[in-house]
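Below is start-v6.txt, holding compact mmCIF, C-alpha atoms.
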```txt
# COMPACT_ATOMS: atom_id res chain seq x y z
CA MET A 152 100.31 93.30 161.42
CA LEU A 153 96.69 92.39 162.20
CA ALA A 154 95.46 95.28 160.04
CA LEU A 155 97.74 94.31 157.15
CA ALA A 156 96.68 90.66 157.32
CA THR A 157 92.98 91.58 157.48
CA THR A 158 93.38 93.87 154.48
CA GLY A 159 95.09 91.12 152.51
CA PHE A 160 92.36 88.66 153.39
CA ALA A 161 89.69 91.15 152.29
CA VAL A 162 91.36 91.94 148.94
CA ASN A 163 91.85 88.26 148.11
CA PHE A 164 88.29 87.40 149.12
CA TRP A 165 87.05 90.29 146.96
CA ALA A 166 88.75 88.62 144.01
CA TRP A 167 87.57 85.15 145.06
CA ALA A 168 83.91 86.29 144.99
CA LEU A 169 83.90 88.15 141.66
CA LEU A 170 81.88 85.53 139.78
CA SER A 171 79.04 85.16 142.28
CA PRO A 172 77.25 88.52 141.67
CA LEU A 173 77.51 87.95 137.91
CA GLY A 174 76.01 84.45 138.08
CA PRO A 175 72.47 85.53 137.07
CA ARG A 176 73.90 87.63 134.21
CA PHE A 177 75.90 84.70 132.84
CA LYS A 178 72.88 82.43 133.25
CA ASP A 179 70.84 84.72 130.99
CA SER A 180 73.58 85.54 128.45
CA LEU A 181 74.90 81.98 128.08
CA GLY A 182 71.62 80.12 128.64
CA LEU A 183 72.90 78.20 131.67
CA THR A 184 70.79 75.78 133.71
CA SER A 185 70.39 76.31 137.47
CA PHE A 186 72.95 73.57 138.09
CA GLN A 187 75.47 75.10 135.65
CA GLN A 188 75.09 78.49 137.30
CA SER A 189 75.62 76.92 140.72
CA LEU A 190 78.68 75.07 139.42
CA LEU A 191 80.12 78.32 138.06
CA VAL A 192 80.06 80.05 141.44
CA ALA A 193 81.04 76.89 143.35
CA VAL A 194 84.25 76.01 141.46
CA PRO A 195 86.35 78.88 142.95
CA VAL A 196 85.00 77.88 146.37
CA VAL A 197 86.13 74.26 146.19
CA VAL A 198 89.55 75.09 144.69
CA GLY A 199 90.16 77.82 147.27
CA SER A 200 89.12 75.40 149.99
CA LEU A 201 91.27 72.43 149.03
CA GLY A 202 94.17 74.79 148.29
CA ARG A 203 94.17 75.86 151.93
CA ILE A 204 95.67 72.51 152.97
CA PRO A 205 99.03 72.94 151.16
CA VAL A 206 99.00 76.73 151.67
CA GLY A 207 98.49 76.33 155.42
CA ALA A 208 101.40 73.87 155.59
CA LEU A 209 103.57 76.21 153.51
CA THR A 210 102.70 79.08 155.87
CA ASP A 211 103.96 77.03 158.82
CA ARG A 212 107.19 76.52 156.85
CA PHE A 213 107.80 79.93 155.26
CA GLY A 214 105.61 82.35 157.25
CA GLY A 215 102.92 84.81 156.28
CA ARG A 216 105.43 87.42 155.16
CA VAL A 217 106.34 85.19 152.21
CA MET A 218 102.98 83.55 151.53
CA PHE A 219 100.66 86.61 151.57
CA PRO A 220 102.43 88.34 148.64
CA ILE A 221 102.70 85.05 146.70
CA VAL A 222 98.98 84.23 147.03
CA SER A 223 97.97 87.81 146.16
CA ALA A 224 100.22 87.98 143.10
CA ALA A 225 99.11 84.55 141.87
CA THR A 226 95.44 85.59 142.06
CA ILE A 227 96.05 88.50 139.66
CA VAL A 228 96.45 86.13 136.68
CA PRO A 229 92.96 84.52 136.72
CA VAL A 230 91.36 87.86 137.58
CA LEU A 231 92.85 89.47 134.46
CA TYR A 232 91.99 86.44 132.35
CA LEU A 233 88.33 86.49 133.42
CA GLY A 234 88.04 90.22 132.87
CA LEU A 235 89.71 90.37 129.47
CA ALA A 236 89.06 87.03 127.77
CA GLY A 237 87.42 84.42 129.99
CA HIS A 238 83.71 85.17 129.90
CA PRO A 239 82.30 84.23 126.45
CA SER A 240 81.54 80.57 127.35
CA LEU A 241 80.87 78.35 130.34
CA GLY A 242 84.11 76.42 129.74
CA ALA A 243 86.20 79.60 129.77
CA LEU A 244 84.49 80.81 132.94
CA LEU A 245 85.04 77.47 134.70
CA ALA A 246 88.72 77.50 133.74
CA GLY A 247 89.16 81.03 135.07
CA GLY A 248 87.10 80.22 138.17
CA PHE A 249 89.33 77.22 138.90
CA PHE A 250 92.44 79.38 139.19
CA LEU A 251 90.49 82.18 140.85
CA GLY A 252 90.21 79.78 143.77
CA VAL A 253 93.81 80.68 144.72
CA GLY A 254 92.44 83.86 146.32
CA GLY A 255 90.45 81.78 148.79
CA THR A 256 93.61 80.22 150.21
CA ALA A 257 94.60 83.53 151.85
CA PHE A 258 92.54 82.47 154.85
CA ALA A 259 95.03 79.68 155.67
CA VAL A 260 97.89 82.20 155.55
CA GLY A 261 96.31 84.72 157.89
CA VAL A 262 95.11 82.59 160.80
CA PRO A 263 98.55 81.20 161.84
CA PHE A 264 100.20 84.53 160.99
CA VAL A 265 97.82 86.50 163.23
CA GLY A 266 97.67 83.87 165.96
CA ALA A 267 101.44 83.97 166.43
CA TRP A 268 101.31 87.70 167.26
CA PHE A 269 98.88 87.30 170.22
CA PRO A 270 98.83 85.39 173.52
CA PRO A 271 96.30 82.52 173.79
CA GLU A 272 93.79 84.52 175.85
CA ARG A 273 93.47 87.14 173.08
CA ARG A 274 93.66 84.95 169.98
CA GLY A 275 89.91 84.44 169.72
CA LEU A 276 89.30 88.17 169.31
CA ALA A 277 92.37 88.69 167.08
CA ILE A 278 91.47 85.89 164.69
CA GLY A 279 87.87 87.10 164.74
CA VAL A 280 89.03 90.56 163.67
CA PHE A 281 91.12 88.97 160.92
CA GLY A 282 88.03 87.03 159.88
CA MET A 283 86.30 90.33 159.09
CA GLY A 284 88.35 90.22 155.91
CA MET A 285 85.70 87.89 154.54
CA GLY A 286 83.80 91.15 154.03
CA GLY A 287 85.72 91.30 150.75
CA THR A 288 82.79 89.28 149.39
CA ALA A 289 80.51 92.20 150.30
CA VAL A 290 82.74 94.59 148.34
CA SER A 291 82.30 92.31 145.35
CA ALA A 292 78.54 92.06 145.86
CA LEU A 293 78.08 95.82 146.11
CA SER A 294 80.40 96.87 143.29
CA THR A 295 80.72 94.19 140.61
CA VAL A 296 77.32 94.48 138.92
CA ARG A 297 77.35 98.29 139.11
CA LEU A 298 80.84 98.49 137.58
CA VAL A 299 79.91 96.11 134.77
CA ASP A 300 76.74 98.10 134.01
CA ALA A 301 78.60 101.41 134.03
CA HIS A 302 81.93 100.56 132.43
CA GLY A 303 81.79 97.09 130.88
CA MET A 304 82.64 93.53 131.90
CA ALA A 305 86.40 94.07 132.27
CA ASN A 306 86.19 96.97 134.74
CA PRO A 307 85.67 95.22 138.12
CA PHE A 308 88.30 92.62 137.24
CA LEU A 309 90.90 95.25 136.30
CA LEU A 310 90.15 97.19 139.49
CA THR A 311 90.53 94.07 141.63
CA ALA A 312 93.77 93.09 139.89
CA GLY A 313 95.15 96.54 140.69
CA ALA A 314 94.18 96.18 144.35
CA LEU A 315 95.87 92.76 144.52
CA ALA A 316 99.06 94.14 142.98
CA LEU A 317 99.11 97.07 145.40
CA TYR A 318 98.61 94.76 148.38
CA ALA A 319 101.30 92.32 147.21
CA VAL A 320 103.86 95.15 147.05
CA THR A 321 102.73 96.56 150.41
CA ALA A 322 103.03 93.13 152.04
CA VAL A 323 106.56 92.64 150.71
CA VAL A 324 107.61 95.98 152.19
CA PHE A 325 105.80 96.04 155.54
CA LEU A 326 104.63 92.55 156.58
CA ARG A 327 106.67 90.83 159.31
CA ASP A 328 106.28 87.45 161.00
CA ALA A 329 105.95 87.34 164.77
CA PRO A 330 109.24 87.38 166.72
CA GLY A 331 110.42 83.94 167.71
CA ARG A 332 108.60 82.10 164.94
CA THR A 333 110.31 78.77 164.27
CA ALA A 334 109.81 76.87 161.05
CA PRO A 335 109.05 73.15 161.47
CA SER A 336 111.87 70.87 160.36
CA GLU A 337 109.93 67.74 159.37
CA PRO A 338 108.76 67.27 155.75
CA PRO A 339 105.35 68.71 154.77
CA ALA A 340 103.83 65.29 154.04
CA ARG A 341 104.77 63.99 157.49
CA ARG A 342 103.39 67.14 159.13
CA LEU A 343 100.14 66.75 157.22
CA VAL A 344 99.78 63.15 158.41
CA ALA A 345 100.48 64.27 161.98
CA THR A 346 97.92 67.05 161.60
CA LEU A 347 95.27 64.62 160.37
CA ARG A 348 95.84 62.48 163.46
CA LEU A 349 94.92 65.35 165.79
CA GLY A 350 91.40 65.27 167.20
CA ILE A 351 91.15 69.08 167.03
CA THR A 352 91.61 68.91 163.24
CA TRP A 353 88.50 66.81 162.67
CA GLN A 354 86.41 68.39 165.40
CA ALA A 355 86.98 71.92 164.14
CA SER A 356 86.57 70.78 160.52
CA ALA A 357 83.09 69.44 161.25
CA LEU A 358 82.06 72.70 162.92
CA HIS A 359 83.59 74.92 160.26
CA ALA A 360 81.93 72.97 157.47
CA VAL A 361 78.60 74.04 158.95
CA ALA A 362 79.42 77.56 160.18
CA PHE A 363 81.67 78.94 157.47
CA GLY A 364 80.26 76.57 154.87
CA GLY A 365 76.81 77.96 155.56
CA TYR A 366 78.12 81.51 155.24
CA VAL A 367 79.88 80.79 151.93
CA ALA A 368 76.85 78.96 150.57
CA PHE A 369 74.56 81.89 151.35
CA SER A 370 77.02 84.51 150.12
CA VAL A 371 77.41 82.84 146.71
CA HIS A 372 73.84 81.58 146.25
CA LEU A 373 71.67 84.15 148.02
CA PRO A 374 71.43 86.52 145.01
CA THR A 375 70.09 83.65 142.90
CA CYS A 376 67.67 82.55 145.64
CA LEU A 377 66.29 86.08 146.03
CA LYS A 378 66.02 86.63 142.29
CA THR A 379 64.27 83.34 141.52
CA GLY A 380 62.36 82.87 144.78
CA TYR A 381 61.17 86.43 145.33
CA GLY A 382 61.45 88.02 141.88
CA LEU A 383 63.94 90.70 142.98
CA THR A 384 66.12 92.50 140.45
CA GLN A 385 69.76 91.45 140.18
CA ALA A 386 70.97 94.68 141.78
CA ASP A 387 68.48 94.46 144.68
CA ALA A 388 69.39 90.81 145.32
CA ALA A 389 73.11 91.68 145.32
CA ASN A 390 72.53 94.53 147.79
CA ARG A 391 70.62 92.27 150.16
CA MET A 392 73.34 89.66 149.92
CA ALA A 393 75.87 92.35 150.85
CA GLY A 394 73.82 93.14 153.97
CA PHE A 395 73.87 89.44 154.90
CA VAL A 396 77.65 89.32 154.44
CA LEU A 397 78.34 92.52 156.40
CA LEU A 398 76.34 91.30 159.39
CA ALA A 399 78.16 87.96 159.36
CA VAL A 400 81.49 89.80 159.10
CA ALA A 401 80.64 92.08 162.04
CA MET A 402 79.65 89.10 164.20
CA ARG A 403 82.83 87.13 163.59
CA PRO A 404 85.09 89.09 165.97
CA LEU A 405 82.24 89.18 168.48
CA GLY A 406 82.09 85.39 168.33
CA GLY A 407 85.85 85.23 168.95
CA TRP A 408 85.68 87.80 171.78
CA LEU A 409 82.81 85.96 173.50
CA SER A 410 84.71 82.68 173.13
CA ASP A 411 87.69 84.21 174.96
CA ARG A 412 85.35 85.03 177.85
CA VAL A 413 82.67 82.33 178.09
CA GLY A 414 84.30 79.59 176.01
CA PRO A 415 83.71 78.52 172.40
CA VAL A 416 81.25 75.77 173.33
CA ARG A 417 78.59 78.18 174.58
CA VAL A 418 78.99 80.49 171.60
CA LEU A 419 78.78 77.61 169.13
CA ALA A 420 75.71 76.17 170.85
CA TRP A 421 73.91 79.52 170.66
CA ALA A 422 74.91 80.10 167.05
CA LEU A 423 73.84 76.66 165.81
CA THR A 424 70.50 76.92 167.60
CA VAL A 425 69.78 80.16 165.73
CA VAL A 426 70.81 78.58 162.40
CA VAL A 427 68.42 75.67 162.94
CA ALA A 428 65.53 78.02 163.72
CA GLY A 429 66.31 80.45 160.88
CA ALA A 430 66.66 77.71 158.26
CA LEU A 431 63.38 76.11 159.29
CA VAL A 432 61.54 79.44 159.07
CA GLN A 433 63.05 80.30 155.69
CA SER A 434 62.29 76.84 154.29
CA PHE A 435 58.62 77.88 154.09
CA THR A 436 59.57 80.91 151.94
CA PRO A 437 57.85 83.50 154.13
CA SER A 438 57.32 87.03 152.88
CA LEU A 439 60.52 89.07 152.84
CA ALA A 440 59.06 91.76 155.09
CA PRO A 441 59.60 91.11 157.89
CA LEU A 442 59.91 87.36 158.55
CA GLY A 443 62.12 86.29 155.64
CA THR A 444 64.53 89.16 156.19
CA LEU A 445 64.71 88.49 159.95
CA ALA A 446 65.37 84.78 159.38
CA CYS A 447 68.20 85.47 156.91
CA LEU A 448 69.80 88.14 159.07
CA ALA A 449 69.58 85.95 162.19
CA MET A 450 71.37 83.17 160.31
CA ALA A 451 73.99 85.65 159.08
CA ALA A 452 74.74 86.76 162.66
CA ALA A 453 74.85 83.19 163.93
CA LEU A 454 77.07 81.88 161.12
CA GLY A 455 79.51 84.77 161.61
CA ALA A 456 79.71 84.26 165.37
CA GLY A 457 80.01 80.50 164.90
CA SER A 458 82.95 80.94 162.53
CA GLY A 459 84.71 83.16 165.05
CA ALA A 460 84.09 80.64 167.83
CA THR A 461 85.41 77.76 165.72
CA PHE A 462 88.82 79.37 165.31
CA ALA A 463 88.92 80.41 168.94
CA PHE A 464 88.54 76.66 169.56
CA VAL A 465 91.43 75.97 167.12
CA ALA A 466 93.63 78.59 168.80
CA LEU A 467 92.87 76.99 172.18
CA LEU A 468 93.67 73.38 171.29
CA ALA A 469 95.96 73.26 168.21
CA PRO A 470 99.72 72.77 168.81
CA PRO A 471 101.51 76.08 167.96
CA ASP A 472 103.81 74.48 165.38
CA LYS A 473 100.86 72.95 163.53
CA THR A 474 98.40 75.86 163.66
CA GLY A 475 98.84 76.62 159.96
CA ALA A 476 98.39 73.01 158.93
CA VAL A 477 95.33 72.59 161.15
CA THR A 478 93.92 75.87 159.83
CA GLY A 479 94.47 74.67 156.27
CA VAL A 480 92.51 71.46 156.79
CA VAL A 481 89.78 73.20 158.80
CA GLY A 482 89.57 75.99 156.23
CA ALA A 483 89.27 73.40 153.46
CA ALA A 484 86.40 71.74 155.30
CA GLY A 485 84.65 75.09 155.68
CA GLY A 486 85.02 75.92 152.01
CA LEU A 487 83.87 72.46 150.95
CA GLY A 488 80.91 72.96 153.25
CA GLY A 489 80.14 75.98 151.08
CA PHE A 490 80.70 74.09 147.82
CA VAL A 491 78.05 71.42 148.26
CA PRO A 492 74.95 73.46 149.30
CA PRO A 493 74.77 75.68 146.17
CA LEU A 494 74.88 72.58 143.97
CA VAL A 495 72.23 70.86 146.08
CA MET A 496 70.07 74.00 146.16
CA GLY A 497 70.35 74.46 142.40
CA SER A 498 69.47 70.83 141.73
CA LEU A 499 66.52 70.84 144.13
CA TYR A 500 65.19 74.09 142.70
CA GLY A 501 65.46 72.67 139.20
CA ALA A 502 63.56 69.55 140.29
CA HIS A 503 60.94 71.04 142.61
CA GLY A 504 60.84 74.79 141.91
CA SER A 505 61.56 75.57 145.58
CA TYR A 506 64.52 75.99 147.91
CA GLY A 507 62.51 74.75 150.91
CA LEU A 508 63.86 71.20 150.99
CA GLY A 509 67.45 72.45 150.77
CA LEU A 510 66.91 74.76 153.75
CA MET A 511 65.37 71.89 155.74
CA LEU A 512 68.53 69.89 155.03
CA LEU A 513 70.60 72.83 156.34
CA ALA A 514 68.52 72.86 159.53
CA ALA A 515 69.08 69.10 159.99
CA VAL A 516 72.86 69.43 159.50
CA ALA A 517 73.04 72.36 161.93
CA ALA A 518 71.05 70.34 164.48
CA GLY A 519 73.57 67.50 164.16
CA ALA A 520 76.43 69.97 164.69
CA LEU A 521 74.63 71.32 167.76
CA VAL A 522 74.48 67.84 169.30
CA PHE A 523 78.17 67.29 168.46
CA THR A 524 79.07 70.60 170.12
CA GLY A 525 77.29 69.58 173.32
CA THR A 526 79.10 66.23 173.43
CA GLY A 527 82.42 65.92 171.54
CA ILE A 528 83.48 69.57 171.56
CA ARG A 529 82.50 70.11 175.19
CA GLY A 530 84.49 67.01 176.13
CA ALA A 531 87.60 68.15 174.20
CA VAL A 532 87.59 71.58 175.87
CA ALA A 533 87.07 70.01 179.31
CA HIS A 534 89.97 67.61 178.71
CA ARG A 535 92.18 70.55 177.68
CA ALA A 536 91.24 72.41 180.87
CA VAL A 537 92.11 69.40 183.04
CA ALA A 538 95.43 68.87 181.24
CA ALA A 539 96.34 72.55 181.70
CA ARG A 540 95.91 72.48 185.48
CA PRO A 541 99.17 72.45 187.42
CA SER A 542 99.84 69.18 189.19
CA HIS A 543 100.59 69.13 192.90
```

Could you take the file, read its structure, and then write that structure out as structure tokens?
Amino acid sequence: MLALATTGFAVNFWAWALLSPLGPRFKDSLGLTSFQQSLLVAVPVVVGSLGRIPVGALTDRFGGRVMFPIVSAATIVPVLYLGLAGHPSLGALLAGGFFLGVGGTAFAVGVPFVGAWFPPERRGLAIGVFGMGMGGTAVSALSTVRLVDAHGMANPFLLTAGALALYAVTAVVFLRDAPGRTAPSEPPARRLVATLRLGITWQASALHAVAFGGYVAFSVHLPTCLKTGYGLTQADAANRMAGFVLLAVAMRPLGGWLSDRVGPVRVLAWALTVVVAGALVQSFTPSLAPLGTLACLAMAAALGAGSGATFAFVALLAPPDKTGAVTGVVGAAGGLGGFVPPLVMGSLYGAHGSYGLGLMLLAAVAAGALVFTGTGIRGAVAHRAVAARPSH
């Protein structure tokens, strides 16, 4: 079940990230500004993020066995539209990108689905392994531009639509919810209100907005940064972005596994410290070899591990019957954290001709999250440990 869920997450994220590698191409062919290009790649991110809130609640109600095929099948429509008809203008691309955001909601299906199959002491690792599905963005980065160059604009979209259809059928046949899963009886609106009253919801949302938001921001905007800031070719920039994504993906289960053993607070503190340092170094636009590459890769590792630790924290503190709803809100916060930075970076580059100020802002936000981890998050975990002790 973990393998099936991870595969579904990867295929949907592959579709979700189709526009990002083509951003520079559309900028040149349609004469887009830096802000318009950033908006193009950010729209699927924000829709996929906000969509996680209702999808997470629906997963609590109907289970992953129902929701995974529905999300996958629904994503086929915008993928086909973008590949066959939706790329001659910015308006058409934005419309297709809006509905392409459905693919990003698969995250809120998988976390409660996977978590229910594992005991609490193993959920950090299990959800971290599931999180490796975000490597679907690397598949997009490595293949999209090459497929367009070799076979035309429609090719990568048709291929992705086929993969989504195959997964949807496979999920209907083989996917099963964990034994003993009970659907909540209260209405979705009331459950959402109850979820928003939980401290864990807001604490994890703040962390995920930085950790996963930073990952999403880099994965969608890094090709543009490398092309404009360092003069790399589109293909070279996409390859380097894929390396960033793969390292972050590999570190996510490690972050969950370490959180199971030493606690999520320590892992988050380490990860955020590395992000602060890496962003500060990169803000001065050092040469790519070796300092710029090392700074980017260090941030990739830290953001991946931090994302894994955040959901180990959710698995530790969220009530079992509200895990999907909490995941939906937290996932939305993470995606929104990835929506804002590309727009800010594009605007700042257009105004100043440099990404340095934007990276300094990232370092400041990560530093704030580091302080919050050492105070609020540490206190929440300590309170949970005290409450879990048997009374005598």

### Query
Of the candidates A:Tyr366, A:Phe464, A:Tyr506, A:Phe249, which shows the shortest atom-to-atom distance to Leu409 of chain A, using only C-alpha atoms?
A:Phe464

Tell me, as a compact mmCIF listing (two decimals) with C-alpha atoms, keeping the file's coordinate frame, which residues lie within 12 Å of Gly286 of chain A, counting only C-alpha atoms; anything in the same chain fewer than 4 positions away does not count.
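Final file, out_3.txt:
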```
# COMPACT_ATOMS: atom_id res chain seq x y z
CA THR A 157 92.98 91.58 157.48
CA THR A 158 93.38 93.87 154.48
CA GLY A 159 95.09 91.12 152.51
CA PHE A 160 92.36 88.66 153.39
CA ALA A 161 89.69 91.15 152.29
CA VAL A 162 91.36 91.94 148.94
CA ASN A 163 91.85 88.26 148.11
CA PHE A 164 88.29 87.40 149.12
CA TRP A 165 87.05 90.29 146.96
CA ALA A 166 88.75 88.62 144.01
CA TRP A 167 87.57 85.15 145.06
CA ALA A 168 83.91 86.29 144.99
CA VAL A 280 89.03 90.56 163.67
CA PHE A 281 91.12 88.97 160.92
CA GLY A 282 88.03 87.03 159.88
CA VAL A 290 82.74 94.59 148.34
CA SER A 291 82.30 92.31 145.35
CA ALA A 292 78.54 92.06 145.86
CA LEU A 293 78.08 95.82 146.11
CA TYR A 366 78.12 81.51 155.24
CA VAL A 367 79.88 80.79 151.93
CA SER A 370 77.02 84.51 150.12
CA MET A 392 73.34 89.66 149.92
CA ALA A 393 75.87 92.35 150.85
CA GLY A 394 73.82 93.14 153.97
CA PHE A 395 73.87 89.44 154.90
CA VAL A 396 77.65 89.32 154.44
CA LEU A 397 78.34 92.52 156.40
CA LEU A 398 76.34 91.30 159.39
CA ALA A 399 78.16 87.96 159.36
CA VAL A 400 81.49 89.80 159.10
CA ALA A 401 80.64 92.08 162.04
CA MET A 402 79.65 89.10 164.20
CA ARG A 403 82.83 87.13 163.59
CA GLY A 455 79.51 84.77 161.61
```

### Message
Using Å and a single decimal, report how far atom CA of Thr256 of chain A sits from atom CA of Ala362 of chain A.
### Response
17.5 Å

### Query
In Å, how far is it from atom CA of Asp300 of chain A to atom CA of Asp179 of chain A?
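Atom CA of Asp300 of chain A sits 14.9 Å away from atom CA of Asp179 of chain A.
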
### Query
What is the distance, in Å and to one decimal place, between atom CA of Pro415 of chain A and atom CA of Met283 of chain A?
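Value for the atom CA of Pro415 of chain A-atom CA of Met283 of chain A distance: 18.0 Å.
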
### Query
Pick the closest to Gly407 of chain A from A:Ala483, A:Cys376, A:Leu276, A:Ala386: which is it, counting all atoms listed in the file?
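Closest residue, counting all atoms listed in the file: A:Leu276.
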
Residue rebuild result segment 421-429 of chain A, all heavy atoms as an mmCIF file, in the coordinates of the input:
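Below is the file that was written, selection-v2.cif:
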```cif
data_model
loop_
_atom_site.group_PDB
_atom_site.id
_atom_site.type_symbol
_atom_site.label_atom_id
_atom_site.label_comp_id
_atom_site.auth_asym_id
_atom_site.auth_seq_id
_atom_site.Cartn_x
_atom_site.Cartn_y
_atom_site.Cartn_z
ATOM 1 N N TRP A 421 74.860 78.448 170.959
ATOM 2 C CA TRP A 421 73.910 79.520 170.660
ATOM 3 C C TRP A 421 73.774 79.739 169.164
ATOM 4 O O TRP A 421 72.676 79.836 168.616
ATOM 5 C CB TRP A 421 74.368 80.817 171.333
ATOM 6 C CG TRP A 421 73.670 82.035 170.811
ATOM 7 C CD1 TRP A 421 72.447 82.502 171.186
ATOM 8 C CD2 TRP A 421 74.145 82.935 169.794
ATOM 9 N NE1 TRP A 421 72.128 83.637 170.462
ATOM 10 C CE2 TRP A 421 73.144 83.921 169.604
ATOM 11 C CE3 TRP A 421 75.309 83.007 169.033
ATOM 12 C CZ2 TRP A 421 73.283 84.952 168.678
ATOM 13 C CZ3 TRP A 421 75.452 84.038 168.111
ATOM 14 C CH2 TRP A 421 74.448 84.998 167.944
ATOM 15 N N ALA A 422 74.911 79.800 168.483
ATOM 16 C CA ALA A 422 74.910 80.100 167.050
ATOM 17 C C ALA A 422 74.176 79.012 166.267
ATOM 18 O O ALA A 422 73.354 79.304 165.380
ATOM 19 C CB ALA A 422 76.342 80.240 166.548
ATOM 20 N N LEU A 423 74.463 77.755 166.562
ATOM 21 C CA LEU A 423 73.840 76.660 165.810
ATOM 22 C C LEU A 423 72.351 76.566 166.081
ATOM 23 O O LEU A 423 71.576 76.210 165.185
ATOM 24 C CB LEU A 423 74.551 75.345 166.150
ATOM 25 C CG LEU A 423 75.983 75.240 165.612
ATOM 26 C CD1 LEU A 423 76.718 74.072 166.259
ATOM 27 C CD2 LEU A 423 75.972 75.083 164.095
ATOM 28 N N THR A 424 71.937 76.900 167.298
ATOM 29 C CA THR A 424 70.500 76.920 167.600
ATOM 30 C C THR A 424 69.781 77.942 166.734
ATOM 31 O O THR A 424 68.695 77.681 166.195
ATOM 32 C CB THR A 424 70.281 77.245 169.094
ATOM 33 O OG1 THR A 424 70.918 76.243 169.896
ATOM 34 C CG2 THR A 424 68.789 77.288 169.426
ATOM 35 N N VAL A 425 70.382 79.115 166.563
ATOM 36 C CA VAL A 425 69.780 80.160 165.730
ATOM 37 C C VAL A 425 69.738 79.725 164.267
ATOM 38 O O VAL A 425 68.759 79.979 163.561
ATOM 39 C CB VAL A 425 70.560 81.485 165.889
ATOM 40 C CG1 VAL A 425 70.048 82.532 164.906
ATOM 41 C CG2 VAL A 425 70.439 81.999 167.320
ATOM 42 N N VAL A 426 70.789 79.048 163.794
ATOM 43 C CA VAL A 426 70.810 78.580 162.400
ATOM 44 C C VAL A 426 69.685 77.575 162.163
ATOM 45 O O VAL A 426 68.993 77.637 161.127
ATOM 46 C CB VAL A 426 72.176 77.957 162.053
ATOM 47 C CG1 VAL A 426 72.132 77.306 160.672
ATOM 48 C CG2 VAL A 426 73.273 79.021 162.086
ATOM 49 N N VAL A 427 69.498 76.645 163.082
ATOM 50 C CA VAL A 427 68.420 75.670 162.940
ATOM 51 C C VAL A 427 67.072 76.373 162.819
ATOM 52 O O VAL A 427 66.269 76.091 161.914
ATOM 53 C CB VAL A 427 68.402 74.682 164.133
ATOM 54 C CG1 VAL A 427 67.159 73.800 164.082
ATOM 55 C CG2 VAL A 427 69.655 73.811 164.129
ATOM 56 N N ALA A 428 66.809 77.306 163.733
ATOM 57 C CA ALA A 428 65.530 78.020 163.720
ATOM 58 C C ALA A 428 65.356 78.849 162.451
ATOM 59 O O ALA A 428 64.293 78.824 161.809
ATOM 60 C CB ALA A 428 65.426 78.908 164.960
ATOM 61 N N GLY A 429 66.402 79.593 162.067
ATOM 62 C CA GLY A 429 66.310 80.450 160.880
ATOM 63 C C GLY A 429 66.094 79.659 159.605
ATOM 64 O O GLY A 429 65.299 80.047 158.738
#
```
